[in-house]
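Asks: Sharing a structure with you now.
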Amino acid sequence: MIVAERKPLEEIEAMLGEAERVLVVGCGTCVAVCMAGGEKEVELLSGELRMRSKLAGRRRRIDQVTLTRQCDREYLELLAAYVGEYDVLLSTACGAGVQLLAERFEGRPVLPALNTRFIGVAEGPGQWSQRCLACGQCLLHLTGGICPVTICPKNLLNGPCGGTNHGKCEVNPENDCAWTLIYRRLEKLGRLDLLEAIQPPKDYRPMTKPARVVHPAFQAQSPPK
Amino acid sequence: MVRAFRDVLQEKDFVITAEIGPPKGTDLSRLVHHIELLRDRVDGLNVTDNQSSVMRVSSLAACRLIVEHGGEPILQLTCRDRNRLALQSELLSAWVLGVRNVLCLTGDYVTVGDHPEAKPVFDLDSVQLLQTVQCLNQGRDLAGNSLEGATDFLPGAVVTPEADPLEPQLIKFAKKIRAGARFFQTQAIYDLDRFRQFMDRARQWLAQAQTGPVKILAGMVLLTSAKMARYMNEHVPGVMVPEALIQELARAEKGKALQVGIEIAGRLIRQIYQERLCDGVHIMAIGREERVPDILAAAGIG
């Protein structure tokens with residue numbers, strides 16, 4: 001899933017500026033799971049903003065709503081009826097959700113309440129870690145299911161650098177060295193032979209931005225962009 | 001004029017290289033002094049490439065300066081700051097400017113340096129960079145386009161004998177040989193028993209690789225104090241200074257620790273030479289390049 005974290009309250013306040021009518025728009029999917037922008041977090045953020053406005057003696061109305069998803073147009077339509085009542089929309093979706101919201105309600109400022117961090121997994125309660133860079137050319141079958149493009153800061157494809165340090169990474173000693181992990185996993189799988197092939201330079205074309213995917217079943221009718 | 005490193009590597013039974021660092025700024029006086037001092041004393045002069053991710057004069061410019069002063073440069077080229085276009089362009093430029101040896105490295109990560117906000121590149125890794133050198137040597141670029149005039153570099157690489165775990169390091173070492181590395185300059189080593197074990201393993205891989213001769217030069221970082229040695233143990237991955245050496249430095253009289261460090265380096269080099277543990281040494285007297293002749297004198301091979 002996509003993992004995000006909320007911006008500092010001061011930064012959000014500064015973005016809001018003089019706005020008097022604010023709609024905080026939550027997203028019920030990834031950012032709800034990572035406790036950054038779901039219904040509960042929207043409740044909390046709205047409450048904090050209301051309190052700060054009150055303390056500052058500012059006249060500001062803050063309402064809240066949480067959509068099923070912000071990255072799908074059909075859910076955004078639910079706002080169409082009353083979005084006109086607000087000066088700004090403060091979105092707690094990932095960057096994708098913020099953009100679709102801004103595109104759908106073009107005349108209205110849409111502000112990001114979160115910083116989108118990565119595609120990752122839950123490691124434990126309240127902890128997530130990055131696992132995928134969406135490089136468009138998955139090679140996990142060669143590396144024991146551990147991604148060197150993501151886990152190794154230098155995205156090395158042919159083994160550890162000189163900064164591998166007793167199984168840890170020199171870039172952040174709290175992190176495991178991706179290539180030590182890969183070596184140990186492949187050893188367990190009896191597939192150390194996979195490490196011997198020289199991996200060619202990566203083709204970065206699939207990472208050319210902005211990327212777009214059209215499902216084969218829909219290719220004939222894809223709308224012109 | 002000194003001899004080509006390629007020839008020296010094949011003919012001399014013990015090869016000595018040293019590292020010099022380009023200046024941060026445009027004052028070349030120290031660099032030129034180091035070149036003049038070391039040119040005839042060592043067989044090759046490595047020039048670091050924005051060492052420790054600290055921005056400086058380029059390795060290429062300093063290498064050209066070495067050529068102009070009659071020395072034999074070894075261009076260090078890292079994957080940190082350049083994509084494959086820039087790396088190949090740098091290699092072609094190095095060749096046309098008279099540089100004949102290149103050491104291919106991954107490079108430190110940007111956050112350890114003086115521009116920690118910079119975008120790290122790492123488009124290629126060190127194995128792929130060696131392959132790139134091979135391509136250019138064969139008159140093609142990495143995309144397969146033919147070149148008007150090929151290079152004929154002597155490609156080298158690095159290996160960390162004290163890496164933990166060692167096995168993945170050795171697998172990569174073998175890949176580097178297959179990708180064309182003809183010489184290795186190792187990360188600093190201080191424990192010769194452990195280095196001997198490493199060399200036994202390395203030789204097995206070398207025998208399997210069935211390539212031409214591949215030479216290994218043991219890395220020697222000059223220890224300047226007990227504090228510096230401890231710092232390396234704690235902060236420099238793959239470097240292990242034995243406690244006995246740290247004690248030796250700690251026992252030095254005030255102001256004499258550097259002298260003890262020079263004696264230690266000289267002693268280790270002498271032993272490597274006498275036992276022919278490997279094919280030579282690579283001296284990294286970081287910031288104390290002017291003491292390299294003293295180290296060689298202490299080793300008795302200056």
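Chain lettering (A, B, ...) mirrors the order of the structure tokens, residue numbering begins at 1 for each chain separately, and ligand numbering begins at 1 in order of display.
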When DSSP is applied to the backbone of this structure, which of range 88-286 of chain B are assigned strand (DSSP E or B)? Write them out as a PyMOL selection string.
Replies: chain B and resi 101-105+140+146+154-159+183-188+215-221+280-284
Asks: Residues within 9 Å of Lys215 in chain B, please, as an MDAnalysis selection string. Count only C-alpha atoms; anything in the same chain fewer than 2 positions from it doesn't count.
Replies: chainID B and resid 9:10 182:185 213 217 278:280
Asks: May I ask you to extract the residues of chain A within 8 Å of chain B, using only C-alpha atoms, and to give them as a list in words?
Replies: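 Result: Pro153, Lys154, Asn155, Leu156, Leu157, Asn158, Gly159, Pro160, Cys161, Gly162, Gly163, Thr164, Asn165, His166, Gly167, Glu170, Val171, Trp179, Thr180, Tyr183, Leu195, Glu196, Ala197, Ile198, Gln199, Pro200, Pro201 and Lys202 of chain A.
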Asks: Please identify all polymer residues within 12 Å of Lys254 in chain B, counting only C-alpha atoms, omitting same-chain residues fewer than 5 positions from it, and present them as a list in words.
Replies: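 My reading of the contact set: Ser225, Ala226, Leu249, Gln259 and Val260 of chain B.
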Asks: Keeping C-alpha atoms for every residue in the selection just given, could you write it to a file as a short mmCIF file (atom, residue, chain, number, x, y, z; two decimals), in the first residue's frame?
Replies:
data_model
loop_
_atom_site.label_atom_id
_atom_site.label_comp_id
_atom_site.auth_asym_id
_atom_site.auth_seq_id
_atom_site.Cartn_x
_atom_site.Cartn_y
_atom_site.Cartn_z
CA SER B 225 46.50 8.19 16.01
CA ALA B 226 44.80 5.67 18.27
CA LEU B 249 49.58 4.05 18.67
CA GLN B 259 55.45 8.47 13.32
CA VAL B 260 54.23 5.22 14.90
#
Asks: Find the residues around His34 in chain B up to 8 Å (only C-alpha atoms counted), leave out those fewer than 2 positions away in its own chain, and share them as JSON, numbers by chain.
Replies: {"B": [20, 30, 31, 32, 36, 37, 38, 289, 290]}
Asks: I need the residues from that last selection saved to file as a compact mmCIF listing (two decimals), in the first residue's frame (with C-alpha atoms), if you can.
Replies:
# COMPACT_ATOMS: atom_id res chain seq x y z
CA ILE B 20 46.02 11.61 -3.76
CA ARG B 30 49.42 21.14 -2.81
CA LEU B 31 48.22 18.71 -5.47
CA VAL B 32 51.12 19.56 -7.76
CA GLU B 36 56.01 15.94 -7.95
CA LEU B 37 56.86 14.19 -4.70
CA LEU B 38 55.30 10.83 -5.54
CA GLU B 289 50.29 12.40 1.12
CA GLU B 290 53.66 14.04 1.81
Asks: Quick check, in Å to one decimal: how far apart do CA of Arg64 in chain B and CA of Asn50 in chain B lie?
Replies: 16.0 Å
Asks: I need the residue nearest Tyr204 in chain A from this list: B:Met55, B:Ala229, B:Asn83, B:Val2. Use only C-alpha atoms for the distance.
Replies: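 Of B:Met55, B:Ala229, B:Asn83, B:Val2, the one nearest Tyr204 in chain A is B:Asn83, counting only C-alpha atoms.
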Asks: I'd like the neighbourhood of Met220 in chain B as a ChimeraX atom specification, where a residue qualifies if any of its atoms comes within 7 Å (using only C-alpha atoms), though same-chain residues fewer than 3 positions away should be ignored.
Replies: /B:188-189,265,281-284
Asks: Please produce a file of the residues just selected, as a short mmCIF file (atom, residue, chain, number, x, y, z; two decimals), in the first residue's frame, where the atoms kept are C-alpha atoms.
Replies:
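Saved to out-v5.cif:
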data_model
loop_
_atom_site.label_atom_id
_atom_site.label_comp_id
_atom_site.auth_asym_id
_atom_site.auth_seq_id
_atom_site.Cartn_x
_atom_site.Cartn_y
_atom_site.Cartn_z
CA ALA B 188 42.44 -1.05 4.08
CA ILE B 189 43.76 -4.20 5.76
CA ALA B 265 52.32 0.91 7.69
CA VAL B 281 50.19 -2.32 -1.99
CA HIS B 282 48.00 0.73 -2.42
CA ILE B 283 48.83 3.47 0.09
CA MET B 284 46.09 5.83 1.20
#
Asks: Got a sec: who's within 7 Å of range 82-95 of chain A, counting only C-alpha atoms, leaving out chain neighbours fewer than 6 positions off, as a list in words?
Replies: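 After dropping sequence-adjacent residues, the list is Ala4, Ala19, Glu20, Arg21, Val22, Leu23, Val24, Val25, Gly26, Cys27, Val31, Gly37, Gln70, Arg108, Pro109, Val110, Leu111, Pro112, Ala113, Leu114 and Thr116 of chain A.
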